[in-house]
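Asker: Here you go, my_file_28.tsv (TSV, C-alpha atoms and all ligand atoms):
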chain	number	residue	atom	x	y	z
A	1189	MET	CA	88.64	168.68	136.93
A	1190	THR	CA	90.32	165.52	138.24
A	1191	SER	CA	88.55	162.25	138.88
A	1192	THR	CA	90.13	159.24	140.57
A	1193	THR	CA	88.87	155.88	139.39
A	1194	PRO	CA	89.15	153.22	142.10
A	1195	PRO	CA	91.70	150.48	141.24
A	1196	ASP	CA	90.56	147.13	139.74
A	1197	ARG	CA	93.02	145.06	141.75
A	1198	TYR	CA	95.05	145.19	144.95
A	1199	ALA	CA	98.39	147.00	144.55
A	1200	ALA	CA	101.02	144.73	142.93
A	1201	SER	CA	103.09	144.70	146.13
A	1202	LEU	CA	100.08	143.44	148.14
A	1203	ARG	CA	99.29	140.77	145.55
A	1204	TRP	CA	102.90	139.53	145.54
A	1205	LEU	CA	103.06	139.58	149.31
A	1206	HIS	CA	99.74	137.72	149.61
A	1207	TRP	CA	100.86	134.85	147.36
A	1208	SER	CA	104.43	134.70	148.73
A	1209	ILE	CA	103.11	134.51	152.28
A	1210	PHE	CA	100.58	131.87	151.22
A	1211	ALA	CA	103.45	129.76	149.79
A	1212	LEU	CA	105.51	130.17	152.97
A	1213	VAL	CA	102.63	129.26	155.30
A	1214	LEU	CA	101.96	126.22	153.12
A	1215	LEU	CA	105.65	125.23	153.39
A	1216	ALA	CA	105.62	125.74	157.17
A	1217	TYR	CA	102.65	123.32	157.40
A	1218	VAL	CA	104.21	120.83	154.97
A	1219	PHE	CA	107.54	120.74	156.84
A	1220	ILE	CA	105.96	120.34	160.28
A	1221	ASN	CA	103.89	117.43	158.99
A	1222	LEU	CA	106.91	115.83	157.28
A	1223	PHE	CA	109.59	116.02	159.96
A	1224	GLU	CA	108.09	113.29	162.14
A	1225	LEU	CA	108.44	110.79	159.26
A	1226	PHE	CA	112.22	110.82	159.80
A	1227	PRO	CA	113.95	108.93	162.63
A	1228	ARG	CA	114.52	110.80	165.89
A	1229	GLY	CA	118.01	112.32	166.05
A	1230	SER	CA	118.56	112.07	162.26
A	1231	ALA	CA	120.06	115.04	160.40
A	1232	THR	CA	117.15	115.08	157.93
A	1233	ARG	CA	114.59	115.35	160.71
A	1234	GLY	CA	116.50	118.30	162.18
A	1235	ASN	CA	116.83	120.02	158.81
A	1236	VAL	CA	113.15	119.60	157.94
A	1237	LEU	CA	112.20	121.03	161.34
A	1238	ALA	CA	114.61	123.94	160.78
A	1239	ALA	CA	112.96	124.50	157.39
A	1240	HIS	CA	109.65	124.85	159.30
A	1241	PHE	CA	111.21	127.48	161.55
A	1242	LEU	CA	112.74	129.42	158.65
A	1243	ALA	CA	109.57	129.38	156.51
A	1244	GLY	CA	107.67	130.65	159.58
A	1245	LEU	CA	110.20	133.39	160.28
A	1246	ALA	CA	110.03	134.48	156.63
A	1247	VAL	CA	106.26	134.88	157.10
A	1248	LEU	CA	106.93	137.26	159.99
A	1249	LEU	CA	109.47	139.23	157.92
A	1250	LEU	CA	107.01	139.66	155.03
A	1251	VAL	CA	103.85	140.39	157.00
A	1252	LEU	CA	105.36	143.55	158.50
A	1253	PRO	CA	105.91	145.38	155.17
A	1254	ARG	CA	102.58	143.94	154.01
A	1255	LEU	CA	100.74	145.61	156.88
A	1256	ALA	CA	102.64	148.85	156.31
A	1257	VAL	CA	101.58	148.95	152.62
A	1258	ARG	CA	98.06	147.82	153.48
A	1259	LEU	CA	97.40	150.65	155.94
A	1260	GLY	CA	97.60	153.35	153.27
A	1261	HIS	CA	95.89	151.27	150.58
A	1262	VAL	CA	92.64	152.04	148.75
A	1263	ASP	CA	90.65	148.79	148.39
A	1264	PRO	CA	89.49	147.81	144.91
A	1265	PRO	CA	85.68	147.59	145.06
A	1266	VAL	CA	83.96	144.22	144.76
A	1267	ARG	CA	81.48	144.09	141.86
A	1268	PRO	CA	78.63	143.43	142.40
A	1269	PRO	CA	78.94	144.90	145.92
A	1270	LEU	CA	78.83	142.56	148.91
A	1271	ASP	CA	75.87	142.22	151.27
A	1272	ARG	CA	76.64	143.65	154.69
A	1273	TRP	CA	77.01	140.22	156.37
A	1274	MET	CA	79.53	139.11	153.74
A	1275	ALA	CA	81.56	142.29	154.14
A	1276	VAL	CA	81.63	141.89	157.94
A	1277	LEU	CA	82.51	138.18	157.78
A	1278	SER	CA	85.35	138.78	155.31
A	1279	LYS	CA	86.72	141.67	157.41
A	1280	VAL	CA	86.69	139.51	160.57
A	1281	THR	CA	88.42	136.63	158.74
A	1282	HIS	CA	91.08	138.94	157.27
A	1283	VAL	CA	91.85	140.49	160.67
A	1284	ALA	CA	92.11	136.98	162.15
A	1285	LEU	CA	94.47	135.93	159.32
A	1286	TYR	CA	96.71	138.97	159.84
A	1287	LEU	CA	96.84	138.30	163.60
A	1288	PHE	CA	97.73	134.68	162.89
A	1289	LEU	CA	100.55	135.72	160.51
A	1290	LEU	CA	101.98	137.98	163.21
A	1291	VAL	CA	101.42	135.90	166.34
A	1292	GLN	CA	102.08	132.33	165.16
A	1293	PRO	CA	105.76	132.82	164.17
A	1294	VAL	CA	106.39	134.79	167.38
A	1295	LEU	CA	104.92	131.94	169.45
A	1296	GLY	CA	107.17	129.48	167.62
A	1297	LEU	CA	110.18	131.67	168.30
A	1298	ILE	CA	109.27	131.96	171.99
A	1299	THR	CA	108.89	128.14	172.18
A	1300	LEU	CA	112.46	127.70	170.95
A	1301	GLN	CA	114.03	130.49	172.98
A	1302	VAL	CA	112.29	129.49	176.23
A	1303	GLY	CA	113.44	125.92	175.60
A	1304	GLY	CA	117.04	127.10	175.05
A	1305	LYS	CA	117.05	125.62	171.53
A	1306	ALA	CA	118.91	126.94	168.50
A	1307	ILE	CA	117.75	127.00	164.88
A	1308	SER	CA	120.40	124.95	163.05
A	1309	LEU	CA	120.40	124.01	159.37
A	1310	PHE	CA	122.99	121.57	157.94
A	1311	GLY	CA	125.05	121.98	161.14
A	1312	PHE	CA	125.13	125.77	160.81
A	1313	THR	CA	123.53	127.73	163.66
A	1314	VAL	CA	121.18	130.29	162.15
A	1315	LEU	CA	119.80	131.56	165.47
A	1316	PRO	CA	121.36	130.57	168.82
A	1317	PRO	CA	119.38	130.47	172.08
A	1318	ARG	CA	119.69	133.93	173.61
A	1319	PHE	CA	118.39	133.26	177.14
A	1320	GLY	CA	120.50	130.43	178.51
A	1321	ALA	CA	119.83	126.70	178.91
A	1322	GLY	CA	116.04	126.97	178.86
A	1323	ASP	CA	113.05	125.48	180.63
A	1324	ARG	CA	111.60	122.42	178.86
A	1325	ALA	CA	108.28	122.38	180.73
A	1326	LEU	CA	107.58	126.05	180.04
A	1327	SER	CA	108.67	125.63	176.43
A	1328	HIS	CA	106.13	122.78	176.05
A	1329	GLN	CA	103.37	125.10	177.27
A	1330	TRP	CA	104.23	127.65	174.56
A	1331	GLU	CA	104.47	124.82	172.03
A	1332	ASP	CA	100.95	123.68	172.99
A	1333	ILE	CA	99.55	127.17	172.35
A	1334	HIS	CA	101.48	127.37	169.05
A	1335	GLY	CA	100.24	123.89	168.07
A	1336	THR	CA	96.61	124.63	168.97
A	1337	ILE	CA	96.59	127.87	166.96
A	1338	GLY	CA	98.23	125.98	164.08
A	1339	GLU	CA	95.38	123.43	164.18
A	1340	VAL	CA	92.61	126.04	164.43
A	1341	PHE	CA	93.96	127.92	161.42
A	1342	TYR	CA	93.70	124.88	159.17
A	1343	TYR	CA	89.97	125.62	159.38
A	1344	VAL	CA	90.18	129.42	159.17
A	1345	ILE	CA	92.48	129.22	156.12
A	1346	GLY	CA	90.19	126.54	154.67
A	1347	LEU	CA	87.20	128.85	155.13
A	1348	HIS	CA	89.12	131.72	153.48
A	1349	ILE	CA	90.04	129.60	150.46
A	1350	ALA	CA	86.52	128.19	150.16
A	1351	ALA	CA	85.12	131.76	150.29
A	1352	ALA	CA	87.54	132.94	147.56
A	1353	LEU	CA	86.49	130.03	145.32
A	1354	TRP	CA	82.79	130.58	146.07
A	1355	HIS	CA	83.10	134.27	145.14
A	1356	HIS	CA	84.74	133.34	141.85
A	1357	PHE	CA	82.77	130.28	140.74
A	1358	GLY	CA	79.53	130.65	142.75
A	1359	ARG	CA	78.79	134.35	143.11
A	1360	ARG	CA	80.87	135.13	140.00
A	1361	ASP	CA	82.15	138.47	141.33
A	1362	ASN	CA	85.64	139.96	140.95
A	1363	THR	CA	86.91	139.18	144.50
A	1364	LEU	CA	89.54	136.65	143.40
A	1365	ARG	CA	90.57	138.57	140.27
A	1366	ARG	CA	91.40	141.54	142.50
A	1367	MET	CA	94.11	139.41	144.14
A	1368	LEU	CA	95.57	137.89	140.90
B	1	LIG	C1	103.10	130.77	159.94
B	1	LIG	C2	104.05	130.15	160.60
B	1	LIG	C3	103.90	128.88	161.37
B	1	LIG	C4	102.91	127.93	161.35
B	1	LIG	C5	101.65	127.89	160.51
B	1	LIG	C6	103.27	126.91	162.31
B	1	LIG	C7	102.52	125.78	162.59
B	1	LIG	C8	102.93	124.74	163.41
B	1	LIG	C9	102.20	123.52	163.64
B	1	LIG	C10	100.84	123.17	162.99
B	1	LIG	C11	102.91	122.76	164.50
B	1	LIG	C12	102.55	121.33	164.99
B	1	LIG	C13	102.02	121.39	166.36
B	1	LIG	C14	101.68	120.00	166.86
B	1	LIG	O1	101.59	119.05	166.07
B	1	LIG	O2	101.49	119.91	168.06
B	1	LIG	C15	104.12	123.49	164.83
B	1	LIG	C16	105.09	123.05	165.69
B	1	LIG	C17	106.22	123.76	166.03
B	1	LIG	N1	106.58	124.99	165.53
B	1	LIG	FE1	105.56	126.10	164.19
B	1	LIG	N2	104.47	127.25	162.88
B	1	LIG	C18	104.89	128.44	162.33
B	1	LIG	C19	106.06	129.12	162.61
B	1	LIG	C20	107.03	128.69	163.51
B	1	LIG	C21	108.26	129.42	163.82
B	1	LIG	C22	108.68	130.74	163.19
B	1	LIG	C23	108.92	128.69	164.75
B	1	LIG	C24	110.23	128.94	165.41
B	1	LIG	C25	111.11	129.84	165.03
B	1	LIG	C26	108.12	127.50	165.03
B	1	LIG	C27	108.45	126.53	165.95
B	1	LIG	C28	107.74	125.38	166.17
B	1	LIG	C29	108.15	124.35	167.12
B	1	LIG	C30	109.38	124.38	168.02
B	1	LIG	C31	107.19	123.33	167.02
B	1	LIG	C32	107.18	121.99	167.78
B	1	LIG	C33	107.94	120.98	166.96
B	1	LIG	C34	108.08	119.65	167.68
B	1	LIG	O3	107.08	118.91	167.76
B	1	LIG	O4	109.18	119.38	168.15
B	1	LIG	N3	106.98	127.54	164.24
B	1	LIG	N4	104.10	124.68	164.15
B	2	LIG	C1	97.97	130.69	154.09
B	2	LIG	C2	96.97	130.98	153.33
B	2	LIG	C3	96.41	132.37	153.19
B	2	LIG	C4	96.49	133.45	154.03
B	2	LIG	C5	97.19	133.54	155.38
B	2	LIG	C6	95.75	134.53	153.41
B	2	LIG	C7	95.61	135.80	153.96
B	2	LIG	C8	94.84	136.80	153.42
B	2	LIG	C9	94.62	138.10	154.03
B	2	LIG	C10	95.16	138.56	155.38
B	2	LIG	C11	93.82	138.81	153.18
B	2	LIG	C12	93.30	140.24	153.39
B	2	LIG	C13	93.97	141.15	152.42
B	2	LIG	C14	93.70	142.60	152.74
B	2	LIG	O1	92.57	143.03	152.53
B	2	LIG	O2	94.64	143.26	153.18
B	2	LIG	C15	93.55	137.97	152.04
B	2	LIG	C16	92.79	138.34	150.97
B	2	LIG	C17	92.45	137.50	149.94
B	2	LIG	N1	92.86	136.18	149.77
B	2	LIG	FE1	94.07	135.15	150.98
B	2	LIG	N2	95.26	134.09	152.21
B	2	LIG	C18	95.64	132.77	152.05
B	2	LIG	C19	95.36	131.95	150.97
B	2	LIG	C20	94.55	132.29	149.93
B	2	LIG	C21	94.21	131.43	148.81
B	2	LIG	C22	94.75	130.01	148.60
B	2	LIG	C23	93.36	132.12	148.02
B	2	LIG	C24	92.65	131.69	146.73
B	2	LIG	C25	92.13	130.52	146.53
B	2	LIG	C26	93.18	133.44	148.61
B	2	LIG	C27	92.42	134.44	148.09
B	2	LIG	C28	92.29	135.70	148.60
B	2	LIG	C29	91.47	136.75	148.02
B	2	LIG	C30	90.63	136.62	146.75
B	2	LIG	C31	91.58	137.87	148.86
B	2	LIG	C32	90.86	139.22	148.70
B	2	LIG	C33	89.60	139.13	149.50
B	2	LIG	C34	88.89	140.44	149.62
B	2	LIG	O3	89.46	141.47	149.38
B	2	LIG	O4	87.69	140.41	149.95
B	2	LIG	N3	93.92	133.50	149.77
B	2	LIG	N4	94.17	136.75	152.21
Would you mind giving the structure from this file in structure tokens?
Ligand code: HEM
Ligand code: HEM
Answerer:
Amino acid sequence: MTSTTPPDRYAASLRWLHWSIFALVLLAYVFINLFELFPRGSATRGNVLAAHFLAGLAVLLLVLPRLAVRLGHVDPPVRPPLDRWMAVLSKVTHVALYLFLLVQPVLGLITLQVGGKAISLFGFTVLPPRFGAGDRALSHQWEDIHGTIGEVFYYVIGLHIAAALWHHFGRRDNTLRRML
């Protein structure tokens, strides 16, 4: 007779991907908040902005394998089990976070490409504009959407972190330990 015990934690690959992506999203936010401190036209300002682009693109590169692993993954159970409303709220938040990780970098990329702008780091062009000179007004519209989503997700990510801490220190369940 064979019995399969459910796992205690998320698969190692999912845990690594979760924390790596967290670090990259944090960097993307840090760089975008820092670049405006440097004078317009300065090399440092350009490099810090490029660092924002590259951290964001790395998020996109990592979220794809993460979703692929996740789809065939058996979830470690939460002990004690969640009430239905908690399970629904956490599912909705996680789906929103995954959509954010996919859509936000793509919107940033569209902003640059529509604007005819390259990604250049230390004078080296990492990604040239592929669709000609660009349209500044249209690019600004994409940038506005990208910026608004970026602002909204400060709160969604904040809610997610607060929930993780509440599970650990308030409800004292194993939710956070499953991701460590
Ligand atoms: C998870 C990834 C990302 C996050 C969380 C993020 C977030 C943000 C935020 C909060 C802003 C500031 C908006 C404002 O103040 O109006 C911004 C601006 C911007 N982002 Fe991103 N972004 C990400 C990825 C990317 C990527 C991959 C690109 C391009 C390849 C990109 C391109 C831009 C551009 C062009 C701006 C406008 C910068 C300026 O003011 O000149 N972003 N982003
Ligand atoms: C940019 C920041 C973050 C993003 C985008 C993010 C994204 C996600 C996503 C999409 C999931 C769902 C995993 C799945 O079931 O496939 C998740 C789970 C989880 N995250 Fe985060 N996370 C972030 C930061 C954090 C931080 C800082 C903590 C801890 C303080 C944390 C703790 C957890 C825990 C404990 C889970 C498992 C929740 C559960 O299974 O019910 N996350 N995260």
Asker: Hey, which of A:Leu1277, A:Leu1212, A:Leu1290, A:Val1266 ends up closest to A:Asp1196? Count all atoms listed in the file.
Answerer: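 Smallest distance to A:Asp1196 is found for A:Val1266.
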Asker: When you count all atoms listed in the file, which of these residues is closest to ligand LIG 1 (chain B): A:Leu1297, A:Ala1199, A:Ala1243, A:Val1291?
Answerer: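 Ranked by minimum distance to ligand LIG 1 (chain B), first place goes to A:Leu1297.
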Asker: Taking only C-alpha atoms and all ligand atoms into account, report as a VMD selection string which residues have an atom no farther than 7 Å from an atom of ligand LIG 2 (chain B).
Answerer: chain A and resid 1206 1209 to 1210 1213 to 1214 1258 1278 1282 to 1283 1285 to 1286 1289 1345 1348 to 1349 1352 to 1353 1363 to 1367
Asker: What residues have any atom no more than 6 Å from ligand LIG 1 (chain B) when counting all atoms listed in the file, and can you list them as a short mmCIF file (atom, residue, chain, number, x, y, z; two decimals) with C-alpha atoms, in the coordinates of the input?
Answerer:
data_model
loop_
_atom_site.label_atom_id
_atom_site.label_comp_id
_atom_site.auth_asym_id
_atom_site.auth_seq_id
_atom_site.Cartn_x
_atom_site.Cartn_y
_atom_site.Cartn_z
CA VAL A 1213 102.63 129.26 155.30
CA ALA A 1216 105.62 125.74 157.17
CA TYR A 1217 102.65 123.32 157.40
CA ILE A 1220 105.96 120.34 160.28
CA PHE A 1241 111.21 127.48 161.55
CA GLY A 1244 107.67 130.65 159.58
CA LEU A 1245 110.20 133.39 160.28
CA VAL A 1247 106.26 134.88 157.10
CA LEU A 1289 100.55 135.72 160.51
CA GLN A 1292 102.08 132.33 165.16
CA PRO A 1293 105.76 132.82 164.17
CA GLY A 1296 107.17 129.48 167.62
CA LEU A 1297 110.18 131.67 168.30
CA THR A 1299 108.89 128.14 172.18
CA LEU A 1300 112.46 127.70 170.95
CA GLU A 1331 104.47 124.82 172.03
CA GLY A 1335 100.24 123.89 168.07
CA GLY A 1338 98.23 125.98 164.08
CA GLU A 1339 95.38 123.43 164.18
#
Asker: Could you give me, as a list in words, the residues that have an atom at most 7 Å away from the point (123.9, 121.6, 164.4) in the coordinates of the file, using all atoms listed in the file?
Answerer: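 The residues that fall inside the cut-off are Ser1308, Leu1309, Phe1310, Gly1311, Phe1312 and Thr1313 of chain A.
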Asker: From the list A:Thr1336, A:Gln1301, A:Val1344, A:Ile1307, which residue is nearest A:Leu1237 when using only C-alpha atoms?
Answerer: A:Ile1307
Asker: With 9 Å as the threshold, what does the neighbourhood of (112.1, 122.1, 158.7) contain in terms of residues, counting all atoms listed in the file? Coordinates are those of the file; answer as an MDAnalysis selection string.
Answerer: chainID A and resid 1215:1216 1218:1220 1222:1223 1232:1243 1309
Asker: Can you tell me, as a ChimeraX atom specification, what residues are no more than 9 Å from A:Ile1337 when counting all atoms listed in the file, ignoring any on the same chain fewer than 4 positions away?
Answerer: /A:1288,1292,1332-1333,1341-1342
Asker: Missing atoms in stretch 1290-1309 of chain A: can you complete it with N, CA and C atoms, as an mmCIF file, keeping the file's coordinate frame?
Answerer:
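The new file result.cif reads:
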data_model
loop_
_atom_site.group_PDB
_atom_site.id
_atom_site.type_symbol
_atom_site.label_atom_id
_atom_site.label_comp_id
_atom_site.auth_asym_id
_atom_site.auth_seq_id
_atom_site.Cartn_x
_atom_site.Cartn_y
_atom_site.Cartn_z
ATOM 1 N N LEU A 1290 101.080 137.282 162.290
ATOM 2 C CA LEU A 1290 101.980 137.980 163.210
ATOM 3 C C LEU A 1290 102.308 137.126 164.434
ATOM 4 N N VAL A 1291 101.273 136.535 165.026
ATOM 5 C CA VAL A 1291 101.420 135.900 166.340
ATOM 6 C C VAL A 1291 102.042 134.506 166.243
ATOM 7 N N GLN A 1292 101.648 133.730 165.223
ATOM 8 C CA GLN A 1292 102.080 132.330 165.160
ATOM 9 C C GLN A 1292 103.610 132.192 165.072
ATOM 10 N N PRO A 1293 104.301 132.949 164.190
ATOM 11 C CA PRO A 1293 105.760 132.820 164.170
ATOM 12 C C PRO A 1293 106.400 133.273 165.491
ATOM 13 N N VAL A 1294 105.820 134.306 166.111
ATOM 14 C CA VAL A 1294 106.390 134.790 167.380
ATOM 15 C C VAL A 1294 106.252 133.704 168.449
ATOM 16 N N LEU A 1295 105.109 133.018 168.478
ATOM 17 C CA LEU A 1295 104.920 131.940 169.450
ATOM 18 C C LEU A 1295 105.926 130.811 169.218
ATOM 19 N N GLY A 1296 106.187 130.519 167.938
ATOM 20 C CA GLY A 1296 107.170 129.480 167.620
ATOM 21 C C GLY A 1296 108.555 129.879 168.105
ATOM 22 N N LEU A 1297 108.876 131.136 167.870
ATOM 23 C CA LEU A 1297 110.180 131.670 168.300
ATOM 24 C C LEU A 1297 110.301 131.614 169.827
ATOM 25 N N ILE A 1298 109.250 131.996 170.521
ATOM 26 C CA ILE A 1298 109.270 131.960 171.990
ATOM 27 C C ILE A 1298 109.467 130.511 172.458
ATOM 28 N N THR A 1299 108.754 129.564 171.806
ATOM 29 C CA THR A 1299 108.890 128.140 172.180
ATOM 30 C C THR A 1299 110.361 127.720 172.151
ATOM 31 N N LEU A 1300 111.052 128.092 171.078
ATOM 32 C CA LEU A 1300 112.460 127.700 170.950
ATOM 33 C C LEU A 1300 113.329 128.406 171.965
ATOM 34 N N GLN A 1301 113.151 129.714 172.093
ATOM 35 C CA GLN A 1301 114.030 130.490 172.980
ATOM 36 C C GLN A 1301 113.820 130.099 174.442
ATOM 37 N N VAL A 1302 112.557 129.901 174.852
ATOM 38 C CA VAL A 1302 112.290 129.490 176.230
ATOM 39 C C VAL A 1302 112.889 128.099 176.488
ATOM 40 N N GLY A 1303 112.882 127.271 175.462
ATOM 41 C CA GLY A 1303 113.440 125.920 175.600
ATOM 42 C C GLY A 1303 114.964 125.885 175.457
ATOM 43 N N GLY A 1304 115.581 127.031 175.205
ATOM 44 C CA GLY A 1304 117.040 127.100 175.050
ATOM 45 C C GLY A 1304 117.528 126.377 173.809
ATOM 46 N N LYS A 1305 116.693 126.365 172.752
ATOM 47 C CA LYS A 1305 117.050 125.620 171.530
ATOM 48 C C LYS A 1305 117.446 126.562 170.396
ATOM 49 N N ALA A 1306 118.443 126.143 169.639
ATOM 50 C CA ALA A 1306 118.910 126.940 168.500
ATOM 51 C C ALA A 1306 118.124 126.551 167.242
ATOM 52 N N ILE A 1307 118.188 127.411 166.218
ATOM 53 C CA ILE A 1307 117.750 127.000 164.880
ATOM 54 C C ILE A 1307 119.031 126.651 164.126
ATOM 55 N N SER A 1308 119.192 125.379 163.758
ATOM 56 C CA SER A 1308 120.400 124.950 163.050
ATOM 57 C C SER A 1308 120.014 124.226 161.770
ATOM 58 N N LEU A 1309 120.673 124.623 160.682
ATOM 59 C CA LEU A 1309 120.400 124.010 159.370
ATOM 60 C C LEU A 1309 121.725 123.492 158.824
#
